[in-house]
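Peer 1: Got a structure for you, protein12.cif, holding mmCIF, N, CA and C atoms.
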data_model
loop_
_atom_site.group_PDB
_atom_site.id
_atom_site.type_symbol
_atom_site.label_atom_id
_atom_site.label_comp_id
_atom_site.auth_asym_id
_atom_site.auth_seq_id
_atom_site.Cartn_x
_atom_site.Cartn_y
_atom_site.Cartn_z
ATOM 1 N N MET A 290 17.709 19.751 1.795
ATOM 2 C CA MET A 290 18.958 20.057 1.118
ATOM 3 C C MET A 290 19.271 21.532 1.381
ATOM 4 N N SER A 291 20.489 21.791 1.802
ATOM 5 C CA SER A 291 20.917 23.160 2.084
ATOM 6 C C SER A 291 21.157 23.915 0.777
ATOM 7 N N ILE A 292 21.255 25.225 0.874
ATOM 8 C CA ILE A 292 21.527 26.049 -0.305
ATOM 9 C C ILE A 292 22.893 25.705 -0.892
ATOM 10 N N GLN A 293 23.854 25.390 -0.016
ATOM 11 C CA GLN A 293 25.190 25.008 -0.482
ATOM 12 C C GLN A 293 25.124 23.701 -1.275
ATOM 13 N N GLN A 294 24.395 22.730 -0.751
ATOM 14 C CA GLN A 294 24.257 21.455 -1.453
ATOM 15 C C GLN A 294 23.527 21.641 -2.780
ATOM 16 N N LEU A 295 22.516 22.484 -2.785
ATOM 17 C CA LEU A 295 21.759 22.739 -4.005
ATOM 18 C C LEU A 295 22.646 23.373 -5.068
ATOM 19 N N ALA A 296 23.469 24.335 -4.656
ATOM 20 C CA ALA A 296 24.373 24.998 -5.600
ATOM 21 C C ALA A 296 25.395 24.016 -6.164
ATOM 22 N N ILE A 297 26.012 23.228 -5.280
ATOM 23 C CA ILE A 297 27.013 22.240 -5.727
ATOM 24 C C ILE A 297 26.370 21.218 -6.653
ATOM 25 N N SER A 298 25.208 20.726 -6.259
ATOM 26 C CA SER A 298 24.522 19.711 -7.050
ATOM 27 C C SER A 298 24.132 20.249 -8.427
ATOM 28 N N SER A 299 23.590 21.441 -8.474
ATOM 29 C CA SER A 299 23.173 22.030 -9.750
ATOM 30 C C SER A 299 24.371 22.265 -10.666
ATOM 31 N N PHE A 300 25.432 22.831 -10.117
ATOM 32 C CA PHE A 300 26.646 23.096 -10.893
ATOM 33 C C PHE A 300 27.241 21.788 -11.409
ATOM 34 N N SER A 301 27.316 20.797 -10.543
ATOM 35 C CA SER A 301 27.901 19.504 -10.917
ATOM 36 C C SER A 301 27.098 18.820 -12.006
ATOM 37 N N LYS A 302 25.807 18.831 -11.843
ATOM 38 C CA LYS A 302 24.948 18.171 -12.822
ATOM 39 C C LYS A 302 24.982 18.888 -14.165
ATOM 40 N N TYR A 303 25.164 20.212 -14.144
ATOM 41 C CA TYR A 303 25.283 20.970 -15.381
ATOM 42 C C TYR A 303 26.584 20.613 -16.112
ATOM 43 N N LEU A 304 27.687 20.553 -15.364
ATOM 44 C CA LEU A 304 28.994 20.284 -15.982
ATOM 45 C C LEU A 304 29.218 18.813 -16.313
ATOM 46 N N LEU A 305 28.813 17.940 -15.416
ATOM 47 C CA LEU A 305 29.153 16.522 -15.545
ATOM 48 C C LEU A 305 27.982 15.649 -15.987
ATOM 49 N N GLY A 306 26.792 16.103 -15.744
ATOM 50 C CA GLY A 306 25.606 15.285 -15.975
ATOM 51 C C GLY A 306 25.151 14.652 -14.672
ATOM 52 N N SER A 307 23.881 14.499 -14.529
ATOM 53 C CA SER A 307 23.289 14.012 -13.282
ATOM 54 C C SER A 307 23.762 12.610 -12.914
ATOM 55 N N ASP A 308 23.732 11.700 -13.870
ATOM 56 C CA ASP A 308 24.137 10.313 -13.590
ATOM 57 C C ASP A 308 25.600 10.223 -13.189
ATOM 58 N N VAL A 309 26.452 10.939 -13.907
ATOM 59 C CA VAL A 309 27.882 10.900 -13.614
ATOM 60 C C VAL A 309 28.153 11.461 -12.221
ATOM 61 N N PHE A 310 27.567 12.618 -11.902
ATOM 62 C CA PHE A 310 27.807 13.204 -10.588
ATOM 63 C C PHE A 310 27.299 12.295 -9.481
ATOM 64 N N ASN A 311 26.144 11.700 -9.655
ATOM 65 C CA ASN A 311 25.609 10.802 -8.623
ATOM 66 C C ASN A 311 26.510 9.584 -8.415
ATOM 67 N N LYS A 312 27.064 9.043 -9.499
ATOM 68 C CA LYS A 312 27.971 7.897 -9.375
ATOM 69 C C LYS A 312 29.267 8.300 -8.673
ATOM 70 N N ILE A 313 29.816 9.465 -9.052
ATOM 71 C CA ILE A 313 31.034 9.946 -8.389
ATOM 72 C C ILE A 313 30.766 10.186 -6.918
ATOM 73 N N LYS A 314 29.637 10.800 -6.610
ATOM 74 C CA LYS A 314 29.273 11.078 -5.215
ATOM 75 C C LYS A 314 29.165 9.784 -4.413
ATOM 76 N N ASP A 315 28.568 8.760 -4.999
ATOM 77 C CA ASP A 315 28.456 7.463 -4.317
ATOM 78 C C ASP A 315 29.829 6.854 -4.057
ATOM 79 N N ILE A 316 30.715 6.942 -5.041
ATOM 80 C CA ILE A 316 32.067 6.399 -4.878
ATOM 81 C C ILE A 316 32.824 7.150 -3.794
ATOM 82 N N VAL A 317 32.754 8.475 -3.814
ATOM 83 C CA VAL A 317 33.449 9.286 -2.804
ATOM 84 C C VAL A 317 32.899 8.990 -1.411
ATOM 85 N N GLN A 318 31.602 8.813 -1.306
ATOM 86 C CA GLN A 318 30.986 8.555 -0.001
ATOM 87 C C GLN A 318 31.487 7.252 0.622
ATOM 88 N N VAL A 319 31.796 6.278 -0.210
ATOM 89 C CA VAL A 319 32.317 5.004 0.284
ATOM 90 C C VAL A 319 33.611 5.216 1.071
ATOM 91 N N TYR A 320 34.447 6.132 0.596
ATOM 92 C CA TYR A 320 35.757 6.343 1.214
ATOM 93 C C TYR A 320 35.800 7.490 2.213
ATOM 94 N N GLN A 321 34.757 8.279 2.281
ATOM 95 C CA GLN A 321 34.785 9.495 3.088
ATOM 96 C C GLN A 321 35.159 9.254 4.556
ATOM 97 N N ASN A 322 34.627 8.241 5.168
ATOM 98 C CA ASN A 322 34.883 7.986 6.585
ATOM 99 C C ASN A 322 35.879 6.852 6.825
ATOM 100 N N SER A 323 36.595 6.472 5.778
ATOM 101 C CA SER A 323 37.569 5.393 5.954
ATOM 102 C C SER A 323 38.833 5.919 6.630
ATOM 103 N N SER A 324 39.667 5.017 7.057
ATOM 104 C CA SER A 324 40.902 5.395 7.749
ATOM 105 C C SER A 324 42.047 5.678 6.779
ATOM 106 N N LEU A 325 41.770 5.661 5.477
ATOM 107 C CA LEU A 325 42.794 5.955 4.485
ATOM 108 C C LEU A 325 43.189 7.429 4.554
ATOM 109 N N THR A 326 44.386 7.734 4.082
ATOM 110 C CA THR A 326 44.799 9.133 3.994
ATOM 111 C C THR A 326 44.019 9.794 2.852
ATOM 112 N N SER A 327 44.031 11.119 2.816
ATOM 113 C CA SER A 327 43.332 11.841 1.745
ATOM 114 C C SER A 327 43.843 11.422 0.373
ATOM 115 N N LYS A 328 45.164 11.262 0.268
ATOM 116 C CA LYS A 328 45.763 10.856 -1.003
ATOM 117 C C LYS A 328 45.286 9.455 -1.401
ATOM 118 N N GLN A 329 45.246 8.544 -0.438
ATOM 119 C CA GLN A 329 44.794 7.177 -0.717
ATOM 120 C C GLN A 329 43.314 7.166 -1.114
ATOM 121 N N LYS A 330 42.501 7.984 -0.436
ATOM 122 C CA LYS A 330 41.074 8.068 -0.769
ATOM 123 C C LYS A 330 40.901 8.540 -2.205
ATOM 124 N N ARG A 331 41.636 9.591 -2.569
ATOM 125 C CA ARG A 331 41.547 10.143 -3.929
ATOM 126 C C ARG A 331 41.980 9.105 -4.959
ATOM 127 N N GLU A 332 43.109 8.428 -4.706
ATOM 128 C CA GLU A 332 43.612 7.422 -5.649
ATOM 129 C C GLU A 332 42.609 6.287 -5.830
ATOM 130 N N GLN A 333 42.027 5.842 -4.736
ATOM 131 C CA GLN A 333 41.060 4.744 -4.826
ATOM 132 C C GLN A 333 39.780 5.201 -5.530
ATOM 133 N N ALA A 334 39.339 6.414 -5.239
ATOM 134 C CA ALA A 334 38.144 6.938 -5.903
ATOM 135 C C ALA A 334 38.383 7.067 -7.404
ATOM 136 N N ILE A 335 39.543 7.572 -7.797
ATOM 137 C CA ILE A 335 39.863 7.698 -9.217
ATOM 138 C C ILE A 335 39.874 6.326 -9.879
ATOM 139 N N LYS A 336 40.463 5.347 -9.224
ATOM 140 C CA LYS A 336 40.486 3.980 -9.769
ATOM 141 C C LYS A 336 39.064 3.445 -9.936
ATOM 142 N N ASP A 337 38.231 3.647 -8.919
ATOM 143 C CA ASP A 337 36.848 3.164 -8.998
ATOM 144 C C ASP A 337 36.058 3.869 -10.097
ATOM 145 N N ILE A 338 36.297 5.168 -10.259
ATOM 146 C CA ILE A 338 35.610 5.922 -11.310
ATOM 147 C C ILE A 338 36.056 5.430 -12.685
ATOM 148 N N GLU A 339 37.341 5.200 -12.836
ATOM 149 C CA GLU A 339 37.845 4.663 -14.106
ATOM 150 C C GLU A 339 37.287 3.271 -14.367
ATOM 151 N N ASP A 340 37.210 2.436 -13.319
ATOM 152 C CA ASP A 340 36.659 1.087 -13.466
ATOM 153 C C ASP A 340 35.182 1.116 -13.851
ATOM 154 N N ALA A 341 34.474 2.157 -13.407
ATOM 155 C CA ALA A 341 33.050 2.285 -13.729
ATOM 156 C C ALA A 341 32.840 2.727 -15.180
ATOM 157 N N ALA A 342 33.944 3.068 -15.845
ATOM 158 C CA ALA A 342 33.905 3.448 -17.270
ATOM 159 C C ALA A 342 32.901 4.556 -17.528
ATOM 160 N N LEU A 343 33.018 5.615 -16.743
ATOM 161 C CA LEU A 343 32.102 6.733 -16.917
ATOM 162 C C LEU A 343 32.431 7.559 -18.159
ATOM 163 N N GLY A 344 33.596 7.326 -18.728
ATOM 164 C CA GLY A 344 33.950 7.975 -19.984
ATOM 165 C C GLY A 344 34.138 9.480 -19.886
ATOM 166 N N ILE A 345 34.698 9.937 -18.789
ATOM 167 C CA ILE A 345 34.941 11.367 -18.658
ATOM 168 C C ILE A 345 36.434 11.614 -18.505
ATOM 169 N N SER A 346 36.868 12.808 -18.874
ATOM 170 C CA SER A 346 38.289 13.129 -18.834
ATOM 171 C C SER A 346 38.776 13.320 -17.405
ATOM 172 N N SER A 347 40.097 13.340 -17.247
ATOM 173 C CA SER A 347 40.685 13.424 -15.908
ATOM 174 C C SER A 347 40.318 14.718 -15.193
ATOM 175 N N TRP A 348 40.207 15.838 -15.918
ATOM 176 C CA TRP A 348 39.818 17.088 -15.245
ATOM 177 C C TRP A 348 38.401 16.966 -14.692
ATOM 178 N N ALA A 349 37.523 16.265 -15.418
ATOM 179 C CA ALA A 349 36.143 16.098 -14.953
ATOM 180 C C ALA A 349 36.082 15.152 -13.757
ATOM 181 N N VAL A 350 36.932 14.133 -13.749
ATOM 182 C CA VAL A 350 37.000 13.229 -12.596
ATOM 183 C C VAL A 350 37.430 14.004 -11.358
ATOM 184 N N ASN A 351 38.487 14.788 -11.484
ATOM 185 C CA ASN A 351 38.973 15.562 -10.342
ATOM 186 C C ASN A 351 37.950 16.589 -9.877
ATOM 187 N N LEU A 352 37.312 17.274 -10.811
ATOM 188 C CA LEU A 352 36.271 18.234 -10.455
ATOM 189 C C LEU A 352 35.119 17.523 -9.750
ATOM 190 N N GLY A 353 34.709 16.404 -10.296
ATOM 191 C CA GLY A 353 33.609 15.644 -9.694
ATOM 192 C C GLY A 353 33.921 15.196 -8.284
ATOM 193 N N ILE A 354 35.143 14.752 -8.050
ATOM 194 C CA ILE A 354 35.541 14.328 -6.704
ATOM 195 C C ILE A 354 35.490 15.505 -5.747
ATOM 196 N N GLU A 355 36.063 16.637 -6.140
ATOM 197 C CA GLU A 355 36.060 17.811 -5.264
ATOM 198 C C GLU A 355 34.644 18.286 -4.974
ATOM 199 N N LEU A 356 33.796 18.298 -5.970
ATOM 200 C CA LEU A 356 32.408 18.717 -5.759
ATOM 201 C C LEU A 356 31.654 17.714 -4.893
ATOM 202 N N ALA A 357 31.910 16.437 -5.081
ATOM 203 C CA ALA A 357 31.259 15.424 -4.249
ATOM 204 C C ALA A 357 31.686 15.553 -2.793
ATOM 205 N N VAL A 358 32.977 15.800 -2.568
ATOM 206 C CA VAL A 358 33.467 16.000 -1.199
ATOM 207 C C VAL A 358 32.789 17.221 -0.583
ATOM 208 N N GLY A 359 32.713 18.312 -1.337
ATOM 209 C CA GLY A 359 32.041 19.509 -0.833
ATOM 210 C C GLY A 359 30.580 19.255 -0.524
ATOM 211 N N TYR A 360 29.902 18.545 -1.395
ATOM 212 C CA TYR A 360 28.496 18.213 -1.192
ATOM 213 C C TYR A 360 28.315 17.360 0.056
ATOM 214 N N LEU A 361 29.097 16.308 0.174
ATOM 215 C CA LEU A 361 28.956 15.394 1.305
ATOM 216 C C LEU A 361 29.382 16.051 2.610
ATOM 217 N N THR A 362 30.395 16.906 2.562
ATOM 218 C CA THR A 362 30.830 17.612 3.761
ATOM 219 C C THR A 362 29.748 18.570 4.242
ATOM 220 N N SER A 363 29.111 19.283 3.324
ATOM 221 C CA SER A 363 28.037 20.195 3.724
ATOM 222 C C SER A 363 26.845 19.427 4.269
ATOM 223 N N GLN A 364 26.632 18.223 3.797
ATOM 224 C CA GLN A 364 25.566 17.371 4.302
ATOM 225 C C GLN A 364 25.873 16.929 5.732
ATOM 226 N N THR A 365 27.118 16.580 6.001
ATOM 227 C CA THR A 365 27.543 16.132 7.324
ATOM 228 C C THR A 365 27.468 17.273 8.337
ATOM 229 N N VAL A 366 27.881 18.464 7.932
ATOM 230 C CA VAL A 366 27.878 19.628 8.816
ATOM 231 C C VAL A 366 26.464 19.974 9.214
ATOM 232 N N LYS A 367 25.507 19.807 8.310
ATOM 233 C CA LYS A 367 24.100 20.143 8.545
ATOM 234 C C LYS A 367 23.492 19.292 9.636
ATOM 235 N N LYS A 368 23.970 18.029 9.776
ATOM 236 C CA LYS A 368 23.373 17.095 10.750
ATOM 237 C C LYS A 368 23.726 17.437 12.116
#
Kindly present the structure from the file in structure tokens form.
Peer 2:
Amino acid sequence: MSIQQLAISSFSKYLLGSDVFNKIKDIVQVYQNSSLTSKQKREQAIKDIEDAALGISSWAVNLGIELAVGYLTSQTVKK
């Protein structure tokens, strides 16, 4: 795990909780390489997060998505 991933992961888990961040990260990863537009990916991820009933507010959903994208992008760049 890179220092960037460690920082994002630690910050996310502190703000959102470990389980919530891991679930958001899994949902975002499903759409990351799809042919959908960025807007469509975000809309579908938000729908999936709401369907998972994670019980978090919209600001936390948006923050979680952005942090998950940053985490996964830094993981991809490392490879």
Peer 1: Give the centre and edge lengths of an axis-aligned box, in Å to one decimal, that holds all listed atoms of segment 316-319 of chain A with 8 Å on each side, as lines of an AutoDock Vina configuration file.
Peer 2:
center_x = 32.2
center_y = 7.1
center_z = -2.0
size_x = 18.9
size_y = 20.3
size_z = 22.1
Peer 1: Here is a test: counting only C-alpha atoms, which residue of A:Gln293, A:Ser327, A:Ser363, A:Asn351 is nearest to Ile313 of chain A?
Peer 2: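 Checking each of A:Gln293, A:Ser327, A:Ser363, A:Asn351 against Ile313 of chain A, counting only C-alpha atoms, the winner is A:Asn351.
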Peer 1: Quick check, in Å to one decimal: how far apart do atom N of Phe310 of chain A and atom CA of Glu355 of chain A lie?
Peer 2: 12.0 Å
Peer 1: For atom N of Ala357 of chain A and atom N of Ser298 of chain A, quote the distance in Å rounded to one decimal.
Peer 2: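 Atom N of Ala357 of chain A sits 8.0 Å away from atom N of Ser298 of chain A.
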Peer 1: Pick the closest to Tyr360 of chain A from A:Leu304, A:Ile297, A:Val309, A:Ile316: which is it, counting all atoms listed in the file?
Peer 2: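 Ranked by minimum distance to Tyr360 of chain A, first place goes to A:Ile297.
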Peer 1: How far is it from atom C of Leu295 of chain A to atom C of Ile338 of chain A, in Å with one decimal?
Peer 2: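 Going from atom C of Leu295 of chain A over to atom C of Ile338 of chain A, I get 23.7 Å.
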Peer 1: If DSSP is run on the backbone, what residues of chain A are alpha helix (DSSP H)? A reply as an mmCIF file with N, CA and C atoms, in the frame of the given file would be ideal.
Peer 2:
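File produced: out.cif:
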data_model
loop_
_atom_site.group_PDB
_atom_site.id
_atom_site.type_symbol
_atom_site.label_atom_id
_atom_site.label_comp_id
_atom_site.auth_asym_id
_atom_site.auth_seq_id
_atom_site.Cartn_x
_atom_site.Cartn_y
_atom_site.Cartn_z
ATOM 1 N N ILE A 292 21.255 25.225 0.874
ATOM 2 C CA ILE A 292 21.527 26.049 -0.305
ATOM 3 C C ILE A 292 22.893 25.705 -0.892
ATOM 4 N N GLN A 293 23.854 25.390 -0.016
ATOM 5 C CA GLN A 293 25.190 25.008 -0.482
ATOM 6 C C GLN A 293 25.124 23.701 -1.275
ATOM 7 N N GLN A 294 24.395 22.730 -0.751
ATOM 8 C CA GLN A 294 24.257 21.455 -1.453
ATOM 9 C C GLN A 294 23.527 21.641 -2.780
ATOM 10 N N LEU A 295 22.516 22.484 -2.785
ATOM 11 C CA LEU A 295 21.759 22.739 -4.005
ATOM 12 C C LEU A 295 22.646 23.373 -5.068
ATOM 13 N N ALA A 296 23.469 24.335 -4.656
ATOM 14 C CA ALA A 296 24.373 24.998 -5.600
ATOM 15 C C ALA A 296 25.395 24.016 -6.164
ATOM 16 N N ILE A 297 26.012 23.228 -5.280
ATOM 17 C CA ILE A 297 27.013 22.240 -5.727
ATOM 18 C C ILE A 297 26.370 21.218 -6.653
ATOM 19 N N SER A 298 25.208 20.726 -6.259
ATOM 20 C CA SER A 298 24.522 19.711 -7.050
ATOM 21 C C SER A 298 24.132 20.249 -8.427
ATOM 22 N N SER A 299 23.590 21.441 -8.474
ATOM 23 C CA SER A 299 23.173 22.030 -9.750
ATOM 24 C C SER A 299 24.371 22.265 -10.666
ATOM 25 N N PHE A 300 25.432 22.831 -10.117
ATOM 26 C CA PHE A 300 26.646 23.096 -10.893
ATOM 27 C C PHE A 300 27.241 21.788 -11.409
ATOM 28 N N SER A 301 27.316 20.797 -10.543
ATOM 29 C CA SER A 301 27.901 19.504 -10.917
ATOM 30 C C SER A 301 27.098 18.820 -12.006
ATOM 31 N N LYS A 302 25.807 18.831 -11.843
ATOM 32 C CA LYS A 302 24.948 18.171 -12.822
ATOM 33 C C LYS A 302 24.982 18.888 -14.165
ATOM 34 N N TYR A 303 25.164 20.212 -14.144
ATOM 35 C CA TYR A 303 25.283 20.970 -15.381
ATOM 36 C C TYR A 303 26.584 20.613 -16.112
ATOM 37 N N LEU A 304 27.687 20.553 -15.364
ATOM 38 C CA LEU A 304 28.994 20.284 -15.982
ATOM 39 C C LEU A 304 29.218 18.813 -16.313
ATOM 40 N N LEU A 305 28.813 17.940 -15.416
ATOM 41 C CA LEU A 305 29.153 16.522 -15.545
ATOM 42 C C LEU A 305 27.982 15.649 -15.987
ATOM 43 N N SER A 307 23.881 14.499 -14.529
ATOM 44 C CA SER A 307 23.289 14.012 -13.282
ATOM 45 C C SER A 307 23.762 12.610 -12.914
ATOM 46 N N ASP A 308 23.732 11.700 -13.870
ATOM 47 C CA ASP A 308 24.137 10.313 -13.590
ATOM 48 C C ASP A 308 25.600 10.223 -13.189
ATOM 49 N N VAL A 309 26.452 10.939 -13.907
ATOM 50 C CA VAL A 309 27.882 10.900 -13.614
ATOM 51 C C VAL A 309 28.153 11.461 -12.221
ATOM 52 N N PHE A 310 27.567 12.618 -11.902
ATOM 53 C CA PHE A 310 27.807 13.204 -10.588
ATOM 54 C C PHE A 310 27.299 12.295 -9.481
ATOM 55 N N ASN A 311 26.144 11.700 -9.655
ATOM 56 C CA ASN A 311 25.609 10.802 -8.623
ATOM 57 C C ASN A 311 26.510 9.584 -8.415
ATOM 58 N N LYS A 312 27.064 9.043 -9.499
ATOM 59 C CA LYS A 312 27.971 7.897 -9.375
ATOM 60 C C LYS A 312 29.267 8.300 -8.673
ATOM 61 N N ILE A 313 29.816 9.465 -9.052
ATOM 62 C CA ILE A 313 31.034 9.946 -8.389
ATOM 63 C C ILE A 313 30.766 10.186 -6.918
ATOM 64 N N LYS A 314 29.637 10.800 -6.610
ATOM 65 C CA LYS A 314 29.273 11.078 -5.215
ATOM 66 C C LYS A 314 29.165 9.784 -4.413
ATOM 67 N N ASP A 315 28.568 8.760 -4.999
ATOM 68 C CA ASP A 315 28.456 7.463 -4.317
ATOM 69 C C ASP A 315 29.829 6.854 -4.057
ATOM 70 N N ILE A 316 30.715 6.942 -5.041
ATOM 71 C CA ILE A 316 32.067 6.399 -4.878
ATOM 72 C C ILE A 316 32.824 7.150 -3.794
ATOM 73 N N VAL A 317 32.754 8.475 -3.814
ATOM 74 C CA VAL A 317 33.449 9.286 -2.804
ATOM 75 C C VAL A 317 32.899 8.990 -1.411
ATOM 76 N N GLN A 318 31.602 8.813 -1.306
ATOM 77 C CA GLN A 318 30.986 8.555 -0.001
ATOM 78 C C GLN A 318 31.487 7.252 0.622
ATOM 79 N N VAL A 319 31.796 6.278 -0.210
ATOM 80 C CA VAL A 319 32.317 5.004 0.284
ATOM 81 C C VAL A 319 33.611 5.216 1.071
ATOM 82 N N TYR A 320 34.447 6.132 0.596
ATOM 83 C CA TYR A 320 35.757 6.343 1.214
ATOM 84 C C TYR A 320 35.800 7.490 2.213
ATOM 85 N N GLN A 321 34.757 8.279 2.281
ATOM 86 C CA GLN A 321 34.785 9.495 3.088
ATOM 87 C C GLN A 321 35.159 9.254 4.556
ATOM 88 N N SER A 327 44.031 11.119 2.816
ATOM 89 C CA SER A 327 43.332 11.841 1.745
ATOM 90 C C SER A 327 43.843 11.422 0.373
ATOM 91 N N LYS A 328 45.164 11.262 0.268
ATOM 92 C CA LYS A 328 45.763 10.856 -1.003
ATOM 93 C C LYS A 328 45.286 9.455 -1.401
ATOM 94 N N GLN A 329 45.246 8.544 -0.438
ATOM 95 C CA GLN A 329 44.794 7.177 -0.717
ATOM 96 C C GLN A 329 43.314 7.166 -1.114
ATOM 97 N N LYS A 330 42.501 7.984 -0.436
ATOM 98 C CA LYS A 330 41.074 8.068 -0.769
ATOM 99 C C LYS A 330 40.901 8.540 -2.205
ATOM 100 N N ARG A 331 41.636 9.591 -2.569
ATOM 101 C CA ARG A 331 41.547 10.143 -3.929
ATOM 102 C C ARG A 331 41.980 9.105 -4.959
ATOM 103 N N GLU A 332 43.109 8.428 -4.706
ATOM 104 C CA GLU A 332 43.612 7.422 -5.649
ATOM 105 C C GLU A 332 42.609 6.287 -5.830
ATOM 106 N N GLN A 333 42.027 5.842 -4.736
ATOM 107 C CA GLN A 333 41.060 4.744 -4.826
ATOM 108 C C GLN A 333 39.780 5.201 -5.530
ATOM 109 N N ALA A 334 39.339 6.414 -5.239
ATOM 110 C CA ALA A 334 38.144 6.938 -5.903
ATOM 111 C C ALA A 334 38.383 7.067 -7.404
ATOM 112 N N ILE A 335 39.543 7.572 -7.797
ATOM 113 C CA ILE A 335 39.863 7.698 -9.217
ATOM 114 C C ILE A 335 39.874 6.326 -9.879
ATOM 115 N N LYS A 336 40.463 5.347 -9.224
ATOM 116 C CA LYS A 336 40.486 3.980 -9.769
ATOM 117 C C LYS A 336 39.064 3.445 -9.936
ATOM 118 N N ASP A 337 38.231 3.647 -8.919
ATOM 119 C CA ASP A 337 36.848 3.164 -8.998
ATOM 120 C C ASP A 337 36.058 3.869 -10.097
ATOM 121 N N ILE A 338 36.297 5.168 -10.259
ATOM 122 C CA ILE A 338 35.610 5.922 -11.310
ATOM 123 C C ILE A 338 36.056 5.430 -12.685
ATOM 124 N N GLU A 339 37.341 5.200 -12.836
ATOM 125 C CA GLU A 339 37.845 4.663 -14.106
ATOM 126 C C GLU A 339 37.287 3.271 -14.367
ATOM 127 N N ASP A 340 37.210 2.436 -13.319
ATOM 128 C CA ASP A 340 36.659 1.087 -13.466
ATOM 129 C C ASP A 340 35.182 1.116 -13.851
ATOM 130 N N SER A 347 40.097 13.340 -17.247
ATOM 131 C CA SER A 347 40.685 13.424 -15.908
ATOM 132 C C SER A 347 40.318 14.718 -15.193
ATOM 133 N N TRP A 348 40.207 15.838 -15.918
ATOM 134 C CA TRP A 348 39.818 17.088 -15.245
ATOM 135 C C TRP A 348 38.401 16.966 -14.692
ATOM 136 N N ALA A 349 37.523 16.265 -15.418
ATOM 137 C CA ALA A 349 36.143 16.098 -14.953
ATOM 138 C C ALA A 349 36.082 15.152 -13.757
ATOM 139 N N VAL A 350 36.932 14.133 -13.749
ATOM 140 C CA VAL A 350 37.000 13.229 -12.596
ATOM 141 C C VAL A 350 37.430 14.004 -11.358
ATOM 142 N N ASN A 351 38.487 14.788 -11.484
ATOM 143 C CA ASN A 351 38.973 15.562 -10.342
ATOM 144 C C ASN A 351 37.950 16.589 -9.877
ATOM 145 N N LEU A 352 37.312 17.274 -10.811
ATOM 146 C CA LEU A 352 36.271 18.234 -10.455
ATOM 147 C C LEU A 352 35.119 17.523 -9.750
ATOM 148 N N GLY A 353 34.709 16.404 -10.296
ATOM 149 C CA GLY A 353 33.609 15.644 -9.694
ATOM 150 C C GLY A 353 33.921 15.196 -8.284
ATOM 151 N N ILE A 354 35.143 14.752 -8.050
ATOM 152 C CA ILE A 354 35.541 14.328 -6.704
ATOM 153 C C ILE A 354 35.490 15.505 -5.747
ATOM 154 N N GLU A 355 36.063 16.637 -6.140
ATOM 155 C CA GLU A 355 36.060 17.811 -5.264
ATOM 156 C C GLU A 355 34.644 18.286 -4.974
ATOM 157 N N LEU A 356 33.796 18.298 -5.970
ATOM 158 C CA LEU A 356 32.408 18.717 -5.759
ATOM 159 C C LEU A 356 31.654 17.714 -4.893
ATOM 160 N N ALA A 357 31.910 16.437 -5.081
ATOM 161 C CA ALA A 357 31.259 15.424 -4.249
ATOM 162 C C ALA A 357 31.686 15.553 -2.793
ATOM 163 N N VAL A 358 32.977 15.800 -2.568
ATOM 164 C CA VAL A 358 33.467 16.000 -1.199
ATOM 165 C C VAL A 358 32.789 17.221 -0.583
ATOM 166 N N GLY A 359 32.713 18.312 -1.337
ATOM 167 C CA GLY A 359 32.041 19.509 -0.833
ATOM 168 C C GLY A 359 30.580 19.255 -0.524
ATOM 169 N N TYR A 360 29.902 18.545 -1.395
ATOM 170 C CA TYR A 360 28.496 18.213 -1.192
ATOM 171 C C TYR A 360 28.315 17.360 0.056
ATOM 172 N N LEU A 361 29.097 16.308 0.174
ATOM 173 C CA LEU A 361 28.956 15.394 1.305
ATOM 174 C C LEU A 361 29.382 16.051 2.610
ATOM 175 N N THR A 362 30.395 16.906 2.562
ATOM 176 C CA THR A 362 30.830 17.612 3.761
ATOM 177 C C THR A 362 29.748 18.570 4.242
ATOM 178 N N SER A 363 29.111 19.283 3.324
ATOM 179 C CA SER A 363 28.037 20.195 3.724
ATOM 180 C C SER A 363 26.845 19.427 4.269
ATOM 181 N N GLN A 364 26.632 18.223 3.797
ATOM 182 C CA GLN A 364 25.566 17.371 4.302
ATOM 183 C C GLN A 364 25.873 16.929 5.732
ATOM 184 N N THR A 365 27.118 16.580 6.001
ATOM 185 C CA THR A 365 27.543 16.132 7.324
ATOM 186 C C THR A 365 27.468 17.273 8.337
ATOM 187 N N VAL A 366 27.881 18.464 7.932
ATOM 188 C CA VAL A 366 27.878 19.628 8.816
ATOM 189 C C VAL A 366 26.464 19.974 9.214
ATOM 190 N N LYS A 367 25.507 19.807 8.310
ATOM 191 C CA LYS A 367 24.100 20.143 8.545
ATOM 192 C C LYS A 367 23.492 19.292 9.636
#
Peer 1: Compare A:Leu305, A:Val358, A:Leu352, A:Val317 by their minimum atom-to-atom distance to Gln333 of chain A, counting only N, CA and C atoms, and give me the closest one.
Peer 2: A:Val317
Peer 1: Have a look at A:Lys312, A:Gln294, A:Ser301, A:Ser324 and name the one nearest to Asp340 of chain A; count only C-alpha atoms.
Peer 2: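 Ranking A:Lys312, A:Gln294, A:Ser301, A:Ser324 by distance to Asp340 of chain A, first place goes to A:Lys312.
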Peer 1: Within 12 Å of (41.4, 13.9, -14.6) (file coordinates; only C-alpha atoms), which protein or nucleic acid residues are there? I'd like them as a ChimeraX atom specification.
Peer 2: /A:331-332,334-336,338-339,343-355
